[in-house]
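Reproduced below: upload-v2.csv, with CSV, C-alpha atoms and all ligand atoms.
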```
chain,number,residue,atom,x,y,z
A,1,MET,CA,80.5,63.0,71.0
A,2,HIS,CA,76.9,62.3,70.1
A,3,ASN,CA,74.7,65.4,69.8
A,4,GLY,CA,71.0,65.8,69.2
A,5,LYS,CA,68.4,68.5,69.5
A,6,ALA,CA,64.6,68.7,69.4
A,7,ARG,CA,61.7,71.0,69.9
A,8,ALA,CA,58.4,70.0,71.4
A,9,PHE,CA,55.2,72.1,72.1
A,10,THR,CA,53.1,71.9,75.2
A,11,ASN,CA,49.7,70.3,75.2
A,12,ILE,CA,46.7,71.1,77.3
A,13,ALA,CA,44.4,68.2,78.3
A,14,LEU,CA,40.7,68.7,77.6
A,15,ILE,CA,40.1,65.4,79.4
A,16,LYS,CA,42.7,65.2,82.2
A,17,TYR,CA,45.3,62.6,83.2
A,18,TRP,CA,45.0,62.6,87.0
A,19,GLY,CA,46.5,59.7,88.9
A,20,LYS,CA,48.9,56.9,88.3
A,21,LYS,CA,48.5,53.2,88.8
A,22,ASP,CA,52.3,52.6,88.4
A,23,GLN,CA,54.6,55.4,89.6
A,24,GLN,CA,57.7,53.9,88.2
A,25,LEU,CA,56.5,53.3,84.6
A,26,ILE,CA,54.0,56.2,84.7
A,27,LEU,CA,51.0,54.2,83.8
A,28,PRO,CA,47.9,56.3,84.3
A,29,MET,CA,44.6,55.4,85.9
A,30,ASN,CA,42.6,56.8,83.0
A,31,ASN,CA,42.8,57.8,79.3
A,32,SER,CA,43.3,61.5,78.6
A,33,LEU,CA,42.8,63.7,75.5
A,34,SER,CA,44.7,66.9,74.7
A,35,LEU,CA,45.3,69.6,72.2
A,36,THR,CA,48.9,70.5,71.3
A,37,LEU,CA,49.5,74.2,71.1
A,38,ASP,CA,51.8,76.5,69.2
A,39,ALA,CA,52.5,79.3,71.8
A,40,PHE,CA,54.6,77.4,74.4
A,41,TYR,CA,57.4,75.0,73.8
A,42,THR,CA,60.8,73.7,74.8
A,43,GLU,CA,64.1,73.3,72.8
A,44,THR,CA,66.5,70.8,74.2
A,45,SER,CA,70.1,69.8,73.2
A,46,VAL,CA,71.8,66.7,74.5
A,47,SER,CA,75.5,65.6,74.1
A,48,PHE,CA,76.7,62.2,75.2
A,49,SER,CA,80.4,61.8,75.5
A,50,LYS,CA,83.0,59.5,77.0
A,51,LYS,CA,84.7,62.7,78.4
A,52,TYR,CA,81.9,63.4,80.8
A,53,THR,CA,82.1,61.9,84.3
A,54,ALA,CA,78.5,62.8,85.3
A,55,ASP,CA,75.2,64.1,83.8
A,56,SER,CA,74.6,67.8,84.0
A,57,PHE,CA,71.4,69.8,83.2
A,58,TYR,CA,71.2,73.4,82.2
A,59,LEU,CA,67.7,75.0,82.2
A,60,ASP,CA,67.4,78.4,80.6
A,61,GLY,CA,71.2,78.8,80.8
A,62,GLN,CA,71.5,77.9,84.5
A,63,LEU,CA,73.2,74.8,85.8
A,64,GLN,CA,70.6,73.0,87.8
A,65,ASP,CA,71.2,71.7,91.3
A,66,GLU,CA,71.2,68.0,92.4
A,67,LYS,CA,67.5,67.9,93.1
A,68,SER,CA,66.4,69.4,89.8
A,69,THR,CA,68.9,67.3,87.8
A,70,GLU,CA,67.6,64.1,89.4
A,71,LYS,CA,64.5,63.7,87.1
A,72,VAL,CA,66.7,64.3,84.0
A,73,ARG,CA,69.3,61.9,85.2
A,74,ARG,CA,66.7,59.2,85.8
A,75,PHE,CA,65.4,59.8,82.3
A,76,LEU,CA,68.9,59.5,80.8
A,77,ASP,CA,69.3,56.2,82.7
A,78,LEU,CA,66.2,54.9,80.9
A,79,VAL,CA,67.7,56.0,77.6
A,80,ARG,CA,71.0,54.4,78.4
A,81,GLU,CA,69.4,51.2,79.4
A,82,GLN,CA,67.2,51.1,76.3
A,83,SER,CA,70.0,52.0,73.9
A,84,GLN,CA,72.8,50.1,75.7
A,85,PHE,CA,74.9,53.3,75.2
A,86,PHE,CA,76.5,54.0,78.5
A,87,GLU,CA,77.9,57.6,78.3
A,88,TYR,CA,77.1,60.6,80.5
A,89,ALA,CA,75.4,63.6,79.0
A,90,ILE,CA,75.1,67.3,79.1
A,91,VAL,CA,71.5,68.5,78.6
A,92,GLN,CA,70.8,72.1,77.7
A,93,SER,CA,67.2,73.1,77.6
A,94,GLN,CA,65.4,76.4,77.0
A,95,ASN,CA,61.8,76.6,78.1
A,96,PHE,CA,59.6,79.0,76.1
A,97,VAL,CA,57.0,78.4,78.7
A,98,PRO,CA,57.1,79.2,82.5
A,99,THR,CA,58.5,76.2,84.3
A,100,ALA,CA,56.3,74.2,86.8
A,101,ALA,CA,53.5,76.8,86.8
A,102,GLY,CA,50.7,74.5,85.5
A,103,LEU,CA,51.4,75.5,81.9
A,104,ALA,CA,52.6,72.0,81.0
A,105,SER,CA,56.4,72.6,80.9
A,106,SER,CA,56.9,68.9,81.9
A,107,ALA,CA,55.0,67.9,78.7
A,108,SER,CA,57.1,70.0,76.3
A,109,GLY,CA,60.3,69.5,78.4
A,110,LEU,CA,60.3,65.7,78.5
A,111,ALA,CA,59.0,65.3,75.0
A,112,ALA,CA,61.9,67.5,73.7
A,113,LEU,CA,64.4,65.5,75.8
A,114,ALA,CA,63.1,62.2,74.4
A,115,GLY,CA,63.4,63.6,70.9
A,116,ALA,CA,66.9,65.0,71.5
A,117,CYS,CA,68.1,61.6,72.9
A,118,ASN,CA,66.6,59.8,70.0
A,119,ASP,CA,68.4,62.1,67.6
A,120,ALA,CA,71.7,62.1,69.5
A,121,LEU,CA,72.0,58.3,69.6
A,122,GLY,CA,70.4,57.6,66.3
A,123,LEU,CA,67.8,55.3,67.9
A,124,ASN,CA,65.3,55.8,65.1
A,125,LEU,CA,62.4,55.4,67.5
A,126,SER,CA,58.9,55.4,65.9
A,127,ASP,CA,56.4,57.9,67.2
A,128,LYS,CA,54.8,55.2,69.3
A,129,GLU,CA,58.2,54.3,70.9
A,130,LEU,CA,59.0,58.0,71.4
A,131,SER,CA,55.6,58.5,73.1
A,132,ARG,CA,56.3,55.5,75.4
A,133,LEU,CA,59.8,56.9,76.3
A,134,ALA,CA,58.5,60.4,76.9
A,135,ARG,CA,55.7,59.0,79.1
A,136,LYS,CA,58.4,57.6,81.5
A,137,GLY,CA,59.7,61.2,82.0
A,138,SER,CA,56.4,62.9,82.5
A,139,GLY,CA,53.0,61.4,81.7
A,140,SER,CA,51.6,64.3,79.8
A,141,ALA,CA,54.8,64.4,77.7
A,142,CYS,CA,53.7,61.3,75.8
A,143,ARG,CA,51.0,63.4,74.1
A,144,SER,CA,53.4,66.2,73.0
A,145,ILE,CA,55.0,63.8,70.4
A,146,TYR,CA,52.1,64.7,68.2
A,147,GLY,CA,50.3,67.8,67.0
A,148,GLY,CA,46.6,68.6,67.2
A,149,PHE,CA,44.2,66.4,69.1
A,150,VAL,CA,45.9,63.5,70.9
A,151,GLU,CA,44.7,60.7,73.1
A,152,TRP,CA,46.8,58.8,75.6
A,153,GLU,CA,45.6,55.2,75.7
A,154,LYS,CA,46.2,54.2,79.3
A,155,GLY,CA,47.1,50.6,78.7
A,156,ASP,CA,48.3,48.3,81.4
A,157,SER,CA,52.0,47.9,80.7
A,158,ASP,CA,55.0,49.7,79.4
A,159,GLN,CA,54.3,48.3,76.0
A,160,ASN,CA,50.7,49.4,75.5
A,161,SER,CA,50.5,52.8,77.3
A,162,TYR,CA,51.2,55.5,74.7
A,163,ALA,CA,49.5,58.4,72.9
A,164,LEU,CA,48.1,58.5,69.3
A,165,PRO,CA,46.7,61.3,67.2
A,166,VAL,CA,42.9,61.6,67.2
A,167,PRO,CA,41.6,61.9,63.6
A,168,SER,CA,39.8,65.3,63.3
A,169,ASN,CA,40.0,66.2,59.6
A,170,HIS,CA,42.1,69.3,60.7
A,171,TRP,CA,39.3,70.6,62.9
A,172,GLU,CA,41.9,71.7,65.4
A,173,ASP,CA,43.0,74.4,62.9
A,174,GLU,CA,39.6,76.1,63.5
A,175,LEU,CA,40.1,76.3,67.3
A,176,ALA,CA,42.1,78.6,69.7
A,177,MET,CA,43.0,78.6,73.3
A,178,ILE,CA,43.6,81.8,75.2
A,179,PHE,CA,45.8,81.5,78.3
A,180,ILE,CA,45.1,83.8,81.2
A,181,LEU,CA,48.3,83.9,83.2
A,182,ILE,CA,47.3,84.3,86.8
A,183,ASN,CA,50.7,83.3,88.2
A,184,ASP,CA,53.7,82.0,86.2
A,185,LYS,CA,55.8,81.1,89.2
A,186,ALA,CA,56.5,77.5,90.2
A,187,LYS,CA,53.6,76.0,92.1
A,188,ASP,CA,53.8,74.7,95.7
A,189,ILE,CA,52.5,71.2,94.9
A,190,SER,CA,53.9,69.6,91.7
A,191,SER,CA,51.5,67.7,89.4
A,192,ARG,CA,53.2,64.5,90.5
A,193,ASN,CA,52.7,65.1,94.2
A,194,GLY,CA,49.3,66.5,93.8
A,195,MET,CA,47.9,63.5,91.9
A,196,GLN,CA,49.7,61.1,94.2
A,197,ARG,CA,48.1,62.6,97.3
A,198,THR,CA,44.7,62.6,95.5
A,199,VAL,CA,44.9,58.9,94.5
A,200,ALA,CA,46.1,57.9,98.0
A,201,THR,CA,43.6,59.9,100.1
A,202,SER,CA,40.7,61.6,98.1
A,203,THR,CA,37.3,60.2,98.9
A,204,TYR,CA,36.2,61.5,95.5
A,205,TYR,CA,38.9,59.7,93.5
A,206,THR,CA,36.9,56.6,92.6
A,207,ASP,CA,34.1,58.8,91.2
A,208,TRP,CA,36.7,60.6,89.0
A,209,VAL,CA,37.9,57.3,87.6
A,210,LYS,CA,34.3,56.0,87.0
A,211,ASN,CA,33.3,59.1,85.1
A,212,VAL,CA,36.3,59.9,83.0
A,213,ASP,CA,35.6,57.2,80.3
A,214,ILE,CA,32.3,58.8,79.6
A,215,ASP,CA,34.0,62.2,79.2
A,216,ILE,CA,36.6,60.7,76.8
A,217,LYS,CA,33.8,59.2,74.7
A,218,LYS,CA,32.0,62.6,74.6
A,219,ALA,CA,35.2,64.4,73.6
A,220,ARG,CA,36.0,61.9,70.8
A,221,GLU,CA,32.4,62.1,69.5
A,222,ALA,CA,32.6,66.0,69.6
A,223,ILE,CA,35.9,65.9,67.6
A,224,THR,CA,34.5,63.5,65.0
A,225,THR,CA,31.4,65.6,64.5
A,226,HIS,CA,33.1,69.0,64.9
A,227,ASP,CA,30.6,69.9,67.6
A,228,PHE,CA,32.3,72.8,69.4
A,229,GLN,CA,29.7,73.3,72.2
A,230,ALA,CA,29.8,69.6,73.0
A,231,LEU,CA,33.6,69.6,73.2
A,232,GLY,CA,33.6,72.8,75.3
A,233,GLU,CA,31.0,71.5,77.8
A,234,VAL,CA,32.8,68.2,78.4
A,235,THR,CA,36.2,70.0,78.7
A,236,GLU,CA,34.9,72.4,81.4
A,237,SER,CA,33.0,69.7,83.3
A,238,ASN,CA,36.0,67.3,83.2
A,239,CYS,CA,38.3,70.0,84.6
A,240,LEU,CA,35.9,70.8,87.4
A,241,LYS,CA,35.7,67.1,88.4
A,242,MET,CA,39.5,66.8,88.5
A,243,HIS,CA,39.8,69.9,90.7
A,244,ALA,CA,37.0,68.6,93.0
A,245,THR,CA,39.1,65.5,93.8
A,246,THR,CA,41.8,67.7,95.4
A,247,LEU,CA,39.3,69.3,97.8
A,248,ALA,CA,38.5,65.8,99.1
A,249,ALA,CA,42.1,64.8,99.6
A,250,SER,CA,43.8,64.6,103.0
A,251,PRO,CA,45.2,67.1,103.7
A,252,PRO,CA,43.0,69.0,101.2
A,253,PHE,CA,44.4,71.4,98.7
A,254,THR,CA,43.5,73.4,95.6
A,255,TYR,CA,45.4,74.9,92.7
A,256,TRP,CA,42.8,77.7,92.5
A,257,THR,CA,43.4,81.3,93.6
A,258,PRO,CA,40.9,84.2,93.8
A,259,ASN,CA,42.1,85.3,90.4
A,260,SER,CA,41.5,81.9,88.9
A,261,LEU,CA,37.9,82.2,90.1
A,262,LYS,CA,37.7,85.6,88.6
A,263,ALA,CA,38.8,84.2,85.2
A,264,MET,CA,36.4,81.3,85.4
A,265,ASN,CA,33.6,83.6,86.3
A,266,LYS,CA,34.4,85.9,83.4
A,267,VAL,CA,34.2,82.9,81.0
A,268,HIS,CA,30.7,82.1,82.4
A,269,THR,CA,29.5,85.7,82.1
A,270,MET,CA,30.8,85.8,78.5
A,271,ARG,CA,29.0,82.5,77.7
A,272,GLN,CA,25.8,83.8,79.2
A,273,ALA,CA,26.2,86.8,76.9
A,274,GLY,CA,26.3,84.5,73.9
A,275,GLN,CA,30.1,84.0,73.4
A,276,ASP,CA,31.1,80.4,72.7
A,277,CYS,CA,33.9,79.9,75.2
A,278,TYR,CA,34.8,77.3,77.9
A,279,PHE,CA,37.6,77.1,80.4
A,280,THR,CA,40.0,74.4,81.6
A,281,MET,CA,42.7,74.5,84.3
A,282,ASP,CA,45.6,72.2,85.1
A,283,ALA,CA,47.7,71.7,88.2
A,284,GLY,CA,48.2,75.4,88.7
A,285,PRO,CA,46.2,78.7,89.0
A,286,ASN,CA,46.3,79.6,85.3
A,287,VAL,CA,43.1,79.5,83.3
A,288,LYS,CA,42.8,78.5,79.6
A,289,VAL,CA,39.9,79.5,77.5
A,290,LEU,CA,38.9,77.2,74.6
A,291,CYS,CA,37.1,78.9,71.7
A,292,GLN,CA,36.8,78.9,68.0
A,293,LYS,CA,39.4,80.7,65.9
A,294,LYS,CA,36.7,82.8,64.2
A,295,ASP,CA,35.7,84.2,67.7
A,296,SER,CA,39.2,84.3,69.2
A,297,GLN,CA,39.9,88.0,68.6
A,298,LYS,CA,36.6,89.1,70.0
A,299,ILE,CA,37.0,86.9,73.1
A,300,TYR,CA,40.6,88.1,73.6
A,301,HIS,CA,39.4,91.7,73.6
A,302,GLU,CA,36.6,90.9,76.0
A,303,LEU,CA,39.1,89.3,78.3
A,304,GLN,CA,41.3,92.4,78.1
A,305,LYS,CA,38.6,94.3,79.9
A,306,GLU,CA,39.5,92.2,83.0
A,307,PHE,CA,43.1,91.2,82.5
A,308,PRO,CA,46.1,93.2,81.1
A,309,ALA,CA,47.5,92.1,77.8
A,310,GLU,CA,50.7,90.9,79.5
A,311,GLN,CA,48.6,88.2,81.2
A,312,LEU,CA,46.9,87.0,78.0
A,313,VAL,CA,48.5,84.6,75.4
A,314,MET,CA,46.7,83.5,72.3
A,315,ALA,CA,47.5,80.0,71.2
A,316,TYR,CA,46.4,77.9,68.2
A,317,ALA,CA,46.9,74.2,67.5
A,318,GLY,CA,50.6,73.2,67.4
A,319,LYS,CA,52.6,70.5,65.7
A,320,GLY,CA,54.4,67.5,67.1
A,321,MET,CA,57.9,67.1,68.3
A,322,GLU,CA,60.6,67.8,65.7
A,323,THR,CA,64.3,67.4,65.6
A,324,LEU,CA,66.5,70.5,65.0
A,325,GLU,CA,70.0,71.0,63.6
A,326,THR,CA,72.6,70.8,66.4
A,327,GLU,CA,75.1,73.6,66.6
A,328,VAL,CA,78.1,71.3,66.9
A,329,ALA,CA,78.9,68.9,64.1
A,330,LYS,CA,78.2,65.2,64.9
B,401,LIG,P1,54.1,71.8,84.7
B,401,LIG,O1,52.7,72.3,85.0
B,401,LIG,O2,55.0,73.0,84.2
B,401,LIG,O3,54.1,70.7,83.7
B,401,LIG,P2,55.0,69.9,86.6
B,401,LIG,O4,54.9,69.9,88.1
B,401,LIG,O5,54.2,68.8,85.9
B,401,LIG,O6,54.7,71.3,86.1
B,401,LIG,O7,56.5,69.6,86.2
B,401,LIG,C1,57.5,70.6,86.4
B,401,LIG,C2,58.8,69.8,86.3
B,401,LIG,O8,59.1,69.4,85.0
B,401,LIG,C3,60.1,70.6,86.6
B,401,LIG,O9,60.2,70.8,88.0
B,401,LIG,C4,61.1,69.8,86.0
B,401,LIG,O10,61.5,68.7,86.8
B,401,LIG,C5,60.4,69.3,84.7
B,401,LIG,N1,60.8,70.1,83.6
B,401,LIG,C6,60.2,71.3,83.2
B,401,LIG,N2,60.8,71.8,82.1
B,401,LIG,C7,61.8,70.9,81.8
B,401,LIG,C8,62.8,70.9,80.7
B,401,LIG,N3,62.8,71.8,79.8
B,401,LIG,N4,63.6,69.8,80.7
B,401,LIG,C9,63.6,68.9,81.6
B,401,LIG,N5,62.7,68.8,82.6
B,401,LIG,C10,61.8,69.9,82.7
B,402,LIG,C1,46.7,68.3,85.5
B,402,LIG,O1,52.3,64.9,83.3
B,402,LIG,O2,52.8,66.9,84.7
B,402,LIG,O3,48.2,68.7,83.7
B,402,LIG,O4,53.4,62.4,85.0
B,402,LIG,O5,53.9,63.1,87.3
B,402,LIG,O6,55.1,64.2,85.4
B,402,LIG,P1,53.8,63.5,85.8
B,402,LIG,O7,52.7,64.6,85.8
B,402,LIG,P2,52.2,65.6,84.6
B,402,LIG,O8,50.6,65.7,85.0
B,402,LIG,C2,49.7,66.5,84.3
B,402,LIG,C3,48.5,66.7,85.0
B,402,LIG,C4,47.5,67.7,84.4
B,402,LIG,C5,46.5,67.0,83.4
B,402,LIG,C6,47.1,66.6,82.1
B,402,LIG,O9,48.0,67.2,81.5
B,402,LIG,O10,46.5,65.6,81.5
B,403,CO,CO,53.4,68.7,84.1
```
Can I see the file as structure tokens?
Amino acid sequence: MHNGKARAFTNIALIKYWGKKDQQLILPMNNSLSLTLDAFYTETSVSFSKKYTADSFYLDGQLQDEKSTEKVRRFLDLVREQSQFFEYAIVQSQNFVPTAAGLASSASGLAALAGACNDALGLNLSDKELSRLARKGSGSACRSIYGGFVEWEKGDSDQNSYALPVPSNHWEDELAMIFILINDKAKDISSRNGMQRTVATSTYYTDWVKNVDIDIKKAREAITTHDFQALGEVTESNCLKMHATTLAASPPFTYWTPNSLKAMNKVHTMRQAGQDCYFTMDAGPNVKVLCQKKDSQKIYHELQKEFPAEQLVMAYAGKGMETLETEVAK
């Protein structure tokens, strides 16, 4: 029996990953840049054993069906191939984040699974190797190996597509992100399918790819100089450009709902009234408000005028993936 356990936090992209040039290896069309957060995370245990005759996957205590186990099984196959350790496994995962709702469960989920496998099989992977492995489970997971600001260098091969921390002199500790939970149920169009349809059919997609490098540079520069307004502006505008691509897809789609628009509008009104806050959204209806820690309580209270406290979650910068003690002795 080989047991391992790990915890990974979710990350929210300020400059989005949107589109793959290689579906199998998960190589992205563009670099992306994120902030790892402390409020949402996944804890995953894995046990490999000769006794098992198939892989099984429990999520939040529930044995998952064939379809939902498939992604995990494919990931375990990659681990088995890489480690040359050919035993089946039981994966038990707890999401402290709503699953598949656009709150980055695939990022924390697959980063935690990569960490648990590394621990169980004593692979001693470096952070770079862990990032490459997690990437092949879910692109955004390669960024959750690290805390704080992280950039995923797109690369052009399995070897050179991985994430690295962005030096910030601890500036992330001065920032906050308030989540406005519009809907925490699983979305209709997964991130994977949404970006695939967009790359294949959206007439705006080439413009997205052309512009994203400029946004990455602006974000890096803002982080280096600790320029909050510059980071906020590029975050919001990059998110709007990503979501614009879905409207020009065929068939067209959007992750926005009327309440997402209400939240975005509230952020604009607050900004006009002099509050320093900016929004971003991922593949889902939920809205995330980027602000500085010093203003976060005030902004939270202002948001409470429109949204009940149960729908608001305050998050600060989180740390990278870490291994945990397993309950069963190795
Ligand atoms: P999200 O916005 O939550 O990242 P995605 O559509 O990107 O949504 O991914 C959701 C998928 O990620 C789930 O359907 C499941 O396949 C996978 N996933 C989520 N949490 C876990 C977990 N803890 N362990 C393994 N896979 C997970
Ligand atoms: C909009 O990493 O969830 O959240 O690689 O297919 O698993 P797969 O997709 P995923 O895509 C995330 C898309 C995004 C933007 C981002 O996190 O960068
Ligand atoms: Co995801």
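Closest approach to A:Tyr41 among A:Phe96, A:Trp152, A:Phe57, A:Phe86: A:Phe96, based on all atoms listed in the file.
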Rank nothing, just name the residue among A:Ser47, A:Asn286, A:Gln297, A:Thr254 nearest to A:Ala101, using all atoms listed in the file.
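Residue with the minimum atom-to-atom distance to A:Ala101: A:Asn286.
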Pull the closest atom pair for each residue of stretch 246-269 of chain A that gets at most 10 Å from stretch 187-198 of chain A, along with the distance in Å to one decimal, counting all atoms listed in the file, ordering rows by chain and then ascending residue number, as CSV.
```
residue,atom,partner,partner_atom,distance
A:Thr246,CA,A:Thr198,CA,5.9
A:Leu247,CA,A:Thr198,CA,8.9
A:Ala248,CA,A:Thr198,CA,7.9
A:Ala249,CA,A:Thr198,CA,5.3
A:Ser250,CA,A:Arg197,CA,7.4
A:Pro251,CA,A:Arg197,CA,8.3
A:Pro252,CA,A:Thr198,CA,8.7
A:Phe253,CA,A:Gly194,CA,8.5
A:Thr254,CA,A:Gly194,CA,9.2
A:Tyr255,CA,A:Lys187,CA,8.3
```
Write as a PyMOL selection string the residues around ligand CO 403 (chain B), taking 8 Å as the cut-off and counting only C-alpha atoms and all ligand atoms.
chain A and resi 100+102-107+138-141+190-192+283
Which of A:Gln92, A:Trp208, A:Glu322, A:Leu181 sits closest to A:Gly19 [using all atoms listed in the file]:
A:Trp208
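In this comparison, which uses all atoms listed in the file, the residue of A:Asp276, A:Glu66, A:Asp282, A:Glu129 approaching ligand LIG 402 (chain B) most closely is A:Asp282.
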Would you please work out which residue, of A:Asn31, A:Ser56, A:Asn95, A:Asn118, is nearest to A:Ser68 when using all atoms listed in the file?
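Between A:Asn31, A:Ser56, A:Asn95, A:Asn118, the residue approaching A:Ser68 most closely is A:Ser56.
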Point-to-point distance in Å for atom CA of A:Ala200 and atom CA of A:Arg74:
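Value for the atom CA of A:Arg74-atom CA of A:Ala200 distance: 24.0 Å.
For the residues A:Glu81, A:Asp184, A:Asp173, A:Glu325, ranking by smallest atom-to-atom distance to ligand LIG 401 (chain B) using all atoms listed in the file places A:Asp184 first.
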Please provide as a short mmCIF file (atom, residue, chain, number, x, y, z; two decimals) with C-alpha atoms, in the frame of the given file all residues within 7 Å of A:Asn30, with the sequence filter that same-chain residues fewer than 6 positions apart are discarded (counting all atoms listed in the file).
```cif
data_model
loop_
_atom_site.label_atom_id
_atom_site.label_comp_id
_atom_site.auth_asym_id
_atom_site.auth_seq_id
_atom_site.Cartn_x
_atom_site.Cartn_y
_atom_site.Cartn_z
CA TYR A 17 45.30 62.60 83.20
CA LYS A 154 46.20 54.20 79.30
CA VAL A 209 37.90 57.30 87.60
#
```
Surrounding residues of A:Arg7 excluding itself and chain neighbours under 2 positions, 8 Å, all atoms listed in the file, as a ChimeraX atom specification
/A:5,9,41-44,108,112,115,321-324
Work out how far apart atom CA of A:Thr269 and atom CA of A:Phe40 are and give it in Å to one decimal.
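Spanning atom CA of A:Thr269 to atom CA of A:Phe40 is a straight-line distance of 27.5 Å.
Applying the 12 Å criterion to (32.0, 66.5, 71.2) in file coordinates and using all atoms listed in the file, one obtains the residues A:Leu14, A:Ile15, A:Leu33, A:Ser168, A:Trp171, A:Ile214, A:Asp215, A:Ile216, A:Lys217, A:Lys218, A:Ala219, A:Arg220, A:Glu221, A:Ala222, A:Ile223, A:Thr224, A:Thr225, A:His226, A:Asp227, A:Phe228, A:Gln229, A:Ala230, A:Leu231, A:Gly232, A:Glu233, A:Val234, A:Thr235.
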Report as a count of residues only all protein, DNA and RNA residues lying within 7 Å of A:Glu236, evaluated on all atoms listed in the file, omitting residues in the same chain fewer than 6 positions from it.
3
Could you tell me how far atom CA of A:Leu25 sits from atom O5 of ligand LIG 402 (chain B), in Å to one decimal place?
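Spanning atom O5 of ligand LIG 402 (chain B) to atom CA of A:Leu25 is a straight-line distance of 10.5 Å.
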I'd like the contact shell of A:Val289 - 10 Å cut-off, all atoms listed in the file, skipping same-chain residues fewer than 4 positions apart - returned as a list in words.
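Non-adjacent residues within range: Ala176, Met177, Ile178, Phe179, Ile180, Gly232, Glu236, Ala263, Met264, Val267, Cys277, Tyr278, Phe279, Thr280, Met281, Ser296, Ile299, Tyr300, Leu303, Met314 and Ala315 of chain A.
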Give as a list of chain:residue names each residue that has an atom at most 7 Å from (54.4, 55.2, 80.0) in the file, counting only C-alpha atoms.
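Residues lying no farther than 7 Å from the given point: A:Leu25, A:Ile26, A:Leu27, A:Arg132, A:Leu133, A:Arg135, A:Lys136, A:Gly139, A:Asp158, A:Ser161, A:Tyr162.
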Go ahead and save the residues from that selection, with C-alpha atoms, as a PDB file, in the frame of the given file.
```pdb
ATOM      1  CA  LEU A  25      56.500  53.300  84.600  1.00  0.00           C
ATOM      2  CA  ILE A  26      54.000  56.200  84.700  1.00  0.00           C
ATOM      3  CA  LEU A  27      51.000  54.200  83.800  1.00  0.00           C
ATOM      4  CA  ARG A 132      56.300  55.500  75.400  1.00  0.00           C
ATOM      5  CA  LEU A 133      59.800  56.900  76.300  1.00  0.00           C
ATOM      6  CA  ARG A 135      55.700  59.000  79.100  1.00  0.00           C
ATOM      7  CA  LYS A 136      58.400  57.600  81.500  1.00  0.00           C
ATOM      8  CA  GLY A 139      53.000  61.400  81.700  1.00  0.00           C
ATOM      9  CA  ASP A 158      55.000  49.700  79.400  1.00  0.00           C
ATOM     10  CA  SER A 161      50.500  52.800  77.300  1.00  0.00           C
ATOM     11  CA  TYR A 162      51.200  55.500  74.700  1.00  0.00           C
TER      12      TYR A 162
END
```
Can you tell me, as a PyMOL selection string, what residues are no more than 10 Å from A:Lys266 when counting all atoms listed in the file, ignoring any on the same chain fewer than 5 positions away?
chain A and resi 260-261+271-272+279+302-303+306
